[in-house]
Amino acid sequence: TRSTRPQRMLKAVQKNATKGNPQSVISAIDYFCKNSEWAMNVGDEKGSILDSVVTEVNPSTVLELGTYCGYSTVRIARLLSPGTKLITLEFNPAYAAVARQIIAYAGLQDKVTLVEGSSGEWIPQIKERFGITTFDFIFLDHWKDQYLPDIKLFEECGLLRKGSVLLADNVICPGAPDYLEYVRNSPRYESRYYPAHLEYTKLEDGLEKSVFLG
Ligand SMILES: O=C(NC/C=C/[C@H]1O[C@@H](n2cnc(C(F)(F)F)c2)[C@H](O)[C@@H]1O)c1cc([N+](=O)[O-])cc(O)c1O
Ligand SMILES: [Mg+2]
């Protein structure tokens with residue numbers, strides 16, 4: 001039967017990247033998406049903004065919602081301090097299977113815990129299951145209608161502390177209008193928009209960085 005796009009992306013990584021070299025994995029995926037098949041990775045332009053925020057925060061605890069094929073997981077994990085791990089949540093088992101292989105190809109498997117399931121199921125369990133009190137950095141890149149309910153769940157579960165940084169992809173395209181309205185109008189967040197473009201296109205998109213004020 002016909003392969004899936006994530007499987008073809010994995011093949012491109014195995015063919016064109018160097019094992020254990022995260023940058024070559026990132027470049028191989030971007031090349032595949034620019035020259036073969038578009039895919040919903042954060043991409044190189046927004047990815048550079050992601051890199052700069054991760055570097056600035058230098059987080060000890062990291063959560064990503066929406067692993068997909070692991071592109072942003074690799075981008076984040078390659079920048080973490082030694083001994084720091086990130087938790088990434090993925091709902092689709094087929095995507096998770098590809099992501100595990102891409103993360104391993106980059107040599108970053110020891111810095112990543114990939115959890116399969118839904119945010120509603122897992123966010124309330126994170127403290128007890130992973131021994132985490134609060135997150136320093138959260139990257140939201142999953143279903144856009146889930147951004148708002150999930151940030152509220154982070155608050156309810158006490159997973160944010162004064163200074164926790166949330167970075168959300170696609171706040172323009174496809175858009176997360178209810179999330180944007182919430183973080184921009186809530187007195188509990190200091191929010192800033194980073195303009196860019198939808199990955200591998202000229203369409204407008206951007207990232208919203210929101211700092212929890214406690
Ligand atoms: O729809 C988009 N992204 C949706 C991304 C969804 C991904 O997040 C996973 N997930 C769902 N729940 C969880 C969690 F974590 F809750 F468990 C994880 C889904 O299985 C999927 O792999 C998208 C679309 C476009 N576009 O241009 O159409 C561009 C983009 O950058 C995008 O991210
Ligand atoms: Mg996205």
# chains A, B, ... in the order shown; residues from 1 in each chain; ligands from 1
$ residues_around --residues "stretch 68-77 of chain A" --least-positions-apart "6" --cutoff "9 Å" --atoms "only C-alpha atoms" --output "count of residues only"
42
$ select_by_dssp --residues "stretch 62-95 of chain A" --states "strand (DSSP E)" --output "VMD selection string"
chain A and resid 62 to 65 86 to 90
$ write_last_selection --atoms "N, CA, C and O atoms" --output "short mmCIF file (atom, residue, chain, number, x, y, z; two decimals), in the first residue's frame"
data_model
loop_
_atom_site.label_atom_id
_atom_site.label_comp_id
_atom_site.auth_asym_id
_atom_site.auth_seq_id
_atom_site.Cartn_x
_atom_site.Cartn_y
_atom_site.Cartn_z
N VAL A 62 10.57 21.27 29.95
CA VAL A 62 10.02 21.64 28.64
C VAL A 62 8.89 20.68 28.27
O VAL A 62 9.01 19.46 28.46
N LEU A 63 7.80 21.25 27.74
CA LEU A 63 6.69 20.44 27.20
C LEU A 63 6.37 20.92 25.79
O LEU A 63 6.31 22.13 25.55
N GLU A 64 6.20 19.96 24.88
CA GLU A 64 5.73 20.27 23.53
C GLU A 64 4.41 19.55 23.32
O GLU A 64 4.31 18.35 23.62
N LEU A 65 3.41 20.25 22.81
CA LEU A 65 2.14 19.63 22.43
C LEU A 65 2.10 19.57 20.91
O LEU A 65 2.10 20.62 20.25
N LEU A 86 13.02 16.89 27.43
CA LEU A 86 11.73 17.50 27.10
C LEU A 86 10.68 16.39 26.98
O LEU A 86 10.97 15.25 26.60
N ILE A 87 9.44 16.74 27.34
CA ILE A 87 8.31 15.84 27.16
C ILE A 87 7.54 16.34 25.94
O ILE A 87 7.27 17.53 25.82
N THR A 88 7.25 15.44 25.00
CA THR A 88 6.46 15.81 23.84
C THR A 88 5.26 14.89 23.74
O THR A 88 5.40 13.67 23.91
N LEU A 89 4.09 15.48 23.52
CA LEU A 89 2.83 14.75 23.47
C LEU A 89 2.36 14.59 22.04
O LEU A 89 2.29 15.57 21.29
N GLU A 90 1.99 13.37 21.66
CA GLU A 90 1.49 13.11 20.31
C GLU A 90 0.29 12.17 20.42
O GLU A 90 0.34 11.18 21.12
#
$ residues_around --residues "A:Lys46" --least-positions-apart "3" --cutoff "9 Å" --atoms "only C-alpha atoms" --output "PDB file with all heavy atoms, in the first residue's frame"
ATOM      1  N   VAL A  42       7.132  23.295  11.870  1.00  0.00           N
ATOM      2  CA  VAL A  42       7.210  24.730  12.133  1.00  0.00           C
ATOM      3  C   VAL A  42       8.093  25.434  11.087  1.00  0.00           C
ATOM      4  O   VAL A  42       7.918  26.614  10.801  1.00  0.00           O
ATOM      5  CB  VAL A  42       7.658  25.015  13.593  1.00  0.00           C
ATOM      6  CG1 VAL A  42       9.142  24.703  13.784  1.00  0.00           C
ATOM      7  CG2 VAL A  42       7.333  26.445  14.004  1.00  0.00           C
ATOM      8  N   GLY A  43       9.038  24.699  10.516  1.00  0.00           N
ATOM      9  CA  GLY A  43       9.861  25.215   9.413  1.00  0.00           C
ATOM     10  C   GLY A  43      11.066  26.011   9.870  1.00  0.00           C
ATOM     11  O   GLY A  43      11.281  26.229  11.066  1.00  0.00           O
ATOM     12  N   ILE A  49      13.050  31.441  15.163  1.00  0.00           N
ATOM     13  CA  ILE A  49      12.472  32.219  16.273  1.00  0.00           C
ATOM     14  C   ILE A  49      12.321  31.299  17.490  1.00  0.00           C
ATOM     15  O   ILE A  49      12.672  31.668  18.617  1.00  0.00           O
ATOM     16  CB  ILE A  49      11.120  32.838  15.869  1.00  0.00           C
ATOM     17  CG1 ILE A  49      11.296  33.800  14.700  1.00  0.00           C
ATOM     18  CG2 ILE A  49      10.471  33.554  17.060  1.00  0.00           C
ATOM     19  CD1 ILE A  49       9.999  34.225  14.024  1.00  0.00           C
ATOM     20  N   LEU A  50      11.830  30.080  17.240  1.00  0.00           N
ATOM     21  CA  LEU A  50      11.723  29.064  18.307  1.00  0.00           C
ATOM     22  C   LEU A  50      13.088  28.860  18.957  1.00  0.00           C
ATOM     23  O   LEU A  50      13.219  28.881  20.182  1.00  0.00           O
ATOM     24  CB  LEU A  50      11.194  27.752  17.724  1.00  0.00           C
ATOM     25  CG  LEU A  50      11.238  26.496  18.604  1.00  0.00           C
ATOM     26  CD1 LEU A  50      10.375  26.656  19.849  1.00  0.00           C
ATOM     27  CD2 LEU A  50      10.795  25.270  17.793  1.00  0.00           C
ATOM     28  N   ASP A  51      14.119  28.694  18.129  1.00  0.00           N
ATOM     29  CA  ASP A  51      15.484  28.505  18.646  1.00  0.00           C
ATOM     30  C   ASP A  51      15.879  29.654  19.563  1.00  0.00           C
ATOM     31  O   ASP A  51      16.438  29.443  20.650  1.00  0.00           O
ATOM     32  CB  ASP A  51      16.500  28.448  17.505  1.00  0.00           C
ATOM     33  CG  ASP A  51      16.417  27.187  16.656  1.00  0.00           C
ATOM     34  OD1 ASP A  51      15.606  26.294  16.977  1.00  0.00           O
ATOM     35  OD2 ASP A  51      17.159  27.112  15.658  1.00  0.00           O
ATOM     36  N   ASP A 169       2.567  28.185  17.956  1.00  0.00           N
ATOM     37  CA  ASP A 169       2.702  28.264  16.506  1.00  0.00           C
ATOM     38  C   ASP A 169       1.333  28.562  15.882  1.00  0.00           C
ATOM     39  O   ASP A 169       0.285  28.308  16.478  1.00  0.00           O
ATOM     40  CB  ASP A 169       3.245  26.937  15.950  1.00  0.00           C
ATOM     41  CG  ASP A 169       3.612  27.043  14.467  1.00  0.00           C
ATOM     42  OD1 ASP A 169       3.932  28.162  13.997  1.00  0.00           O
ATOM     43  OD2 ASP A 169       3.573  26.012  13.783  1.00  0.00           O
ATOM     44  N   TYR A 194       5.444  37.398  17.250  1.00  0.00           N
ATOM     45  CA  TYR A 194       6.634  37.365  16.381  1.00  0.00           C
ATOM     46  C   TYR A 194       6.163  37.089  14.959  1.00  0.00           C
ATOM     47  O   TYR A 194       5.837  35.956  14.618  1.00  0.00           O
ATOM     48  CB  TYR A 194       7.602  36.271  16.837  1.00  0.00           C
ATOM     49  CG  TYR A 194       8.260  36.544  18.164  1.00  0.00           C
ATOM     50  CD1 TYR A 194       7.576  36.342  19.363  1.00  0.00           C
ATOM     51  CD2 TYR A 194       9.561  37.043  18.226  1.00  0.00           C
ATOM     52  CE1 TYR A 194       8.174  36.604  20.587  1.00  0.00           C
ATOM     53  CE2 TYR A 194      10.172  37.306  19.458  1.00  0.00           C
ATOM     54  CZ  TYR A 194       9.461  37.087  20.624  1.00  0.00           C
ATOM     55  OH  TYR A 194      10.058  37.347  21.835  1.00  0.00           O
ATOM     56  N   PRO A 195       6.116  38.096  14.099  1.00  0.00           N
ATOM     57  CA  PRO A 195       5.627  37.878  12.724  1.00  0.00           C
ATOM     58  C   PRO A 195       6.607  37.049  11.899  1.00  0.00           C
ATOM     59  O   PRO A 195       7.822  37.219  12.028  1.00  0.00           O
ATOM     60  CB  PRO A 195       5.491  39.290  12.159  1.00  0.00           C
ATOM     61  CG  PRO A 195       6.391  40.132  13.000  1.00  0.00           C
ATOM     62  CD  PRO A 195       6.457  39.503  14.342  1.00  0.00           C
ATOM     63  N   ALA A 196       6.052  36.191  11.053  1.00  0.00           N
ATOM     64  CA  ALA A 196       6.873  35.367  10.156  1.00  0.00           C
ATOM     65  C   ALA A 196       5.960  34.925   9.003  1.00  0.00           C
ATOM     66  O   ALA A 196       5.059  35.653   8.629  1.00  0.00           O
ATOM     67  CB  ALA A 196       7.436  34.164  10.917  1.00  0.00           C
ATOM     68  N   HIS A 197       6.192  33.738   8.476  1.00  0.00           N
ATOM     69  CA  HIS A 197       5.373  33.208   7.387  1.00  0.00           C
ATOM     70  C   HIS A 197       5.045  31.748   7.656  1.00  0.00           C
ATOM     71  O   HIS A 197       5.801  31.063   8.340  1.00  0.00           O
ATOM     72  CB  HIS A 197       6.106  33.343   6.050  1.00  0.00           C
ATOM     73  CG  HIS A 197       6.388  34.756   5.684  1.00  0.00           C
ATOM     74  ND1 HIS A 197       7.540  35.400   6.107  1.00  0.00           N
ATOM     75  CD2 HIS A 197       5.649  35.691   5.027  1.00  0.00           C
ATOM     76  CE1 HIS A 197       7.516  36.659   5.678  1.00  0.00           C
ATOM     77  NE2 HIS A 197       6.366  36.856   5.043  1.00  0.00           N
ATOM     78  N   LEU A 198       3.933  31.302   7.112  1.00  0.00           N
ATOM     79  CA  LEU A 198       3.574  29.892   7.204  1.00  0.00           C
ATOM     80  C   LEU A 198       4.701  29.074   6.582  1.00  0.00           C
ATOM     81  O   LEU A 198       5.226  29.461   5.516  1.00  0.00           O
ATOM     82  CB  LEU A 198       2.268  29.644   6.457  1.00  0.00           C
ATOM     83  CG  LEU A 198       1.786  28.205   6.464  1.00  0.00           C
ATOM     84  CD1 LEU A 198       1.325  27.821   7.865  1.00  0.00           C
ATOM     85  CD2 LEU A 198       0.684  28.016   5.448  1.00  0.00           C
ATOM     86  N   GLU A 199       5.086  28.011   7.245  1.00  0.00           N
ATOM     87  CA  GLU A 199       6.243  27.221   6.805  1.00  0.00           C
ATOM     88  C   GLU A 199       6.207  26.932   5.306  1.00  0.00           C
ATOM     89  O   GLU A 199       5.191  26.563   4.752  1.00  0.00           O
ATOM     90  CB  GLU A 199       6.314  25.882   7.588  1.00  0.00           C
ATOM     91  CG  GLU A 199       5.059  25.060   7.607  1.00  0.00           C
ATOM     92  CD  GLU A 199       4.199  25.336   8.820  1.00  0.00           C
ATOM     93  OE1 GLU A 199       4.312  26.421   9.410  1.00  0.00           O
ATOM     94  OE2 GLU A 199       3.392  24.476   9.171  1.00  0.00           O
ATOM     95  N   ASP A 205       2.090  34.193   8.858  1.00  0.00           N
ATOM     96  CA  ASP A 205       1.831  33.446  10.080  1.00  0.00           C
ATOM     97  C   ASP A 205       2.821  33.987  11.111  1.00  0.00           C
ATOM     98  O   ASP A 205       3.647  34.849  10.808  1.00  0.00           O
ATOM     99  CB  ASP A 205       2.019  31.932   9.888  1.00  0.00           C
ATOM    100  CG  ASP A 205       1.526  31.150  11.113  1.00  0.00           C
ATOM    101  OD1 ASP A 205       0.679  31.686  11.868  1.00  0.00           O
ATOM    102  OD2 ASP A 205       1.994  30.015  11.318  1.00  0.00           O
ATOM    103  N   GLY A 206       2.715  33.499  12.329  1.00  0.00           N
ATOM    104  CA  GLY A 206       3.649  33.943  13.355  1.00  0.00           C
ATOM    105  C   GLY A 206       3.480  33.158  14.635  1.00  0.00           C
ATOM    106  O   GLY A 206       2.586  32.303  14.751  1.00  0.00           O
ATOM    107  N   LEU A 207       4.371  33.469  15.559  1.00  0.00           N
ATOM    108  CA  LEU A 207       4.386  32.815  16.873  1.00  0.00           C
ATOM    109  C   LEU A 207       3.974  33.825  17.937  1.00  0.00           C
ATOM    110  O   LEU A 207       4.347  35.000  17.857  1.00  0.00           O
ATOM    111  CB  LEU A 207       5.795  32.294  17.190  1.00  0.00           C
ATOM    112  CG  LEU A 207       6.423  31.311  16.201  1.00  0.00           C
ATOM    113  CD1 LEU A 207       7.908  31.131  16.525  1.00  0.00           C
ATOM    114  CD2 LEU A 207       5.720  29.963  16.250  1.00  0.00           C
TER     115      LEU A 207
END
$ closest_residue --among "A:Leu140, A:Ala104, A:Cys157, A:Leu114" --to "A:Ile126" --atoms "only C-alpha atoms"
A:Cys157
$ residues_around --residues "A:Arg188" --least-positions-apart "5" --cutoff "8 Å" --atoms "only C-alpha atoms" --output "compact mmCIF listing (two decimals) with N, CA, C and O atoms, in the first residue's frame"
# COMPACT_ATOMS: atom_id res chain seq x y z
N VAL A 183 -4.75 35.24 25.80
CA VAL A 183 -3.41 35.59 26.33
C VAL A 183 -3.12 37.07 26.20
O VAL A 183 -2.35 37.64 26.98
N PHE A 212 3.75 33.79 31.69
CA PHE A 212 2.80 33.72 32.81
C PHE A 212 3.30 34.62 33.94
O PHE A 212 4.49 34.54 34.32
N LEU A 213 2.43 35.46 34.49
CA LEU A 213 2.87 36.44 35.50
C LEU A 213 2.58 35.98 36.91
O LEU A 213 2.92 36.65 37.89
N GLY A 214 1.95 34.80 37.04
CA GLY A 214 1.69 34.25 38.37
C GLY A 214 0.34 34.69 38.91
O GLY A 214 -0.36 35.47 38.27
$ closest_residue --among "A:Thr67, A:Ser119, A:Thr201, A:Asn16" --to "ligand 2" --atoms "only C-alpha atoms and all ligand atoms"
A:Thr67
$ select_by_dssp --residues "stretch 19-175 of chain A" --states "alpha helix (DSSP H)" --output "PyMOL selection string"
chain A and resi 22-35+43-57+71-77+93-105+119-122+126-130+147-156
$ closest_residue --among "A:Cys173, A:Leu153, A:Val53, A:Leu203" --to "ligand 2" --atoms "only C-alpha atoms and all ligand atoms"
A:Cys173
$ atom_distance --atom1 "atom 22 (O, counted along the ligand's line) of ligand 1" --atom2 "atom CA of A:Arg129"
22.2 Å
$ atom_distance --atom1 "atom CA of A:Thr18" --atom2 "atom CA of A:Phe137"
28.5 Å
$ closest_residue --among "A:Tyr31, A:Trp122, A:Trp143, A:Phe130" --to "ligand 1" --atoms "only C-alpha atoms and all ligand atoms"
A:Trp143
$ decode --residues "stretch 41-55 of chain A" --atoms "N, CA, C and O atoms" --output "PDB file, in the first residue's frame"
ATOM      1  N   ASN A  41       5.487  21.113   9.520  1.00  0.00           N
ATOM      2  CA  ASN A  41       6.551  21.360  10.486  1.00  0.00           C
ATOM      3  C   ASN A  41       6.614  22.875  10.718  1.00  0.00           C
ATOM      4  O   ASN A  41       6.266  23.638   9.833  1.00  0.00           O
ATOM      5  N   VAL A  42       7.132  23.295  11.870  1.00  0.00           N
ATOM      6  CA  VAL A  42       7.210  24.730  12.133  1.00  0.00           C
ATOM      7  C   VAL A  42       8.093  25.434  11.087  1.00  0.00           C
ATOM      8  O   VAL A  42       7.918  26.614  10.801  1.00  0.00           O
ATOM      9  N   GLY A  43       9.038  24.699  10.516  1.00  0.00           N
ATOM     10  CA  GLY A  43       9.861  25.215   9.413  1.00  0.00           C
ATOM     11  C   GLY A  43      11.066  26.011   9.870  1.00  0.00           C
ATOM     12  O   GLY A  43      11.281  26.229  11.066  1.00  0.00           O
ATOM     13  N   ASP A  44      11.861  26.484   8.890  1.00  0.00           N
ATOM     14  CA  ASP A  44      13.125  27.130   9.240  1.00  0.00           C
ATOM     15  C   ASP A  44      12.990  28.580   9.688  1.00  0.00           C
ATOM     16  O   ASP A  44      13.710  29.016  10.598  1.00  0.00           O
ATOM     17  N   GLU A  45      12.063  29.326   9.118  1.00  0.00           N
ATOM     18  CA  GLU A  45      11.915  30.729   9.537  1.00  0.00           C
ATOM     19  C   GLU A  45      11.351  30.839  10.952  1.00  0.00           C
ATOM     20  O   GLU A  45      11.962  31.437  11.842  1.00  0.00           O
ATOM     21  N   LYS A  46      10.190  30.219  11.181  1.00  0.00           N
ATOM     22  CA  LYS A  46       9.619  30.220  12.543  1.00  0.00           C
ATOM     23  C   LYS A  46      10.499  29.393  13.474  1.00  0.00           C
ATOM     24  O   LYS A  46      10.637  29.690  14.663  1.00  0.00           O
ATOM     25  N   GLY A  47      11.168  28.377  12.919  1.00  0.00           N
ATOM     26  CA  GLY A  47      12.069  27.535  13.710  1.00  0.00           C
ATOM     27  C   GLY A  47      13.227  28.324  14.298  1.00  0.00           C
ATOM     28  O   GLY A  47      13.666  28.060  15.423  1.00  0.00           O
ATOM     29  N   SER A  48      13.705  29.311  13.549  1.00  0.00           N
ATOM     30  CA  SER A  48      14.794  30.154  14.078  1.00  0.00           C
ATOM     31  C   SER A  48      14.310  31.016  15.233  1.00  0.00           C
ATOM     32  O   SER A  48      15.049  31.259  16.194  1.00  0.00           O
ATOM     33  N   ILE A  49      13.050  31.441  15.163  1.00  0.00           N
ATOM     34  CA  ILE A  49      12.472  32.219  16.273  1.00  0.00           C
ATOM     35  C   ILE A  49      12.321  31.299  17.490  1.00  0.00           C
ATOM     36  O   ILE A  49      12.672  31.668  18.617  1.00  0.00           O
ATOM     37  N   LEU A  50      11.830  30.080  17.240  1.00  0.00           N
ATOM     38  CA  LEU A  50      11.723  29.064  18.307  1.00  0.00           C
ATOM     39  C   LEU A  50      13.088  28.860  18.957  1.00  0.00           C
ATOM     40  O   LEU A  50      13.219  28.881  20.182  1.00  0.00           O
ATOM     41  N   ASP A  51      14.119  28.694  18.129  1.00  0.00           N
ATOM     42  CA  ASP A  51      15.484  28.505  18.646  1.00  0.00           C
ATOM     43  C   ASP A  51      15.879  29.654  19.563  1.00  0.00           C
ATOM     44  O   ASP A  51      16.438  29.443  20.650  1.00  0.00           O
ATOM     45  N   SER A  52      15.597  30.885  19.141  1.00  0.00           N
ATOM     46  CA  SER A  52      16.050  32.046  19.922  1.00  0.00           C
ATOM     47  C   SER A  52      15.315  32.127  21.260  1.00  0.00           C
ATOM     48  O   SER A  52      15.915  32.464  22.286  1.00  0.00           O
ATOM     49  N   VAL A  53      14.029  31.770  21.262  1.00  0.00           N
ATOM     50  CA  VAL A  53      13.274  31.813  22.528  1.00  0.00           C
ATOM     51  C   VAL A  53      13.758  30.708  23.463  1.00  0.00           C
ATOM     52  O   VAL A  53      13.983  30.948  24.656  1.00  0.00           O
ATOM     53  N   VAL A  54      13.992  29.504  22.935  1.00  0.00           N
ATOM     54  CA  VAL A  54      14.486  28.392  23.763  1.00  0.00           C
ATOM     55  C   VAL A  54      15.853  28.747  24.350  1.00  0.00           C
ATOM     56  O   VAL A  54      16.122  28.551  25.539  1.00  0.00           O
ATOM     57  N   THR A  55      16.714  29.329  23.521  1.00  0.00           N
ATOM     58  CA  THR A  55      18.047  29.718  23.981  1.00  0.00           C
ATOM     59  C   THR A  55      17.967  30.782  25.078  1.00  0.00           C
ATOM     60  O   THR A  55      18.654  30.700  26.098  1.00  0.00           O
TER      61      THR A  55
END
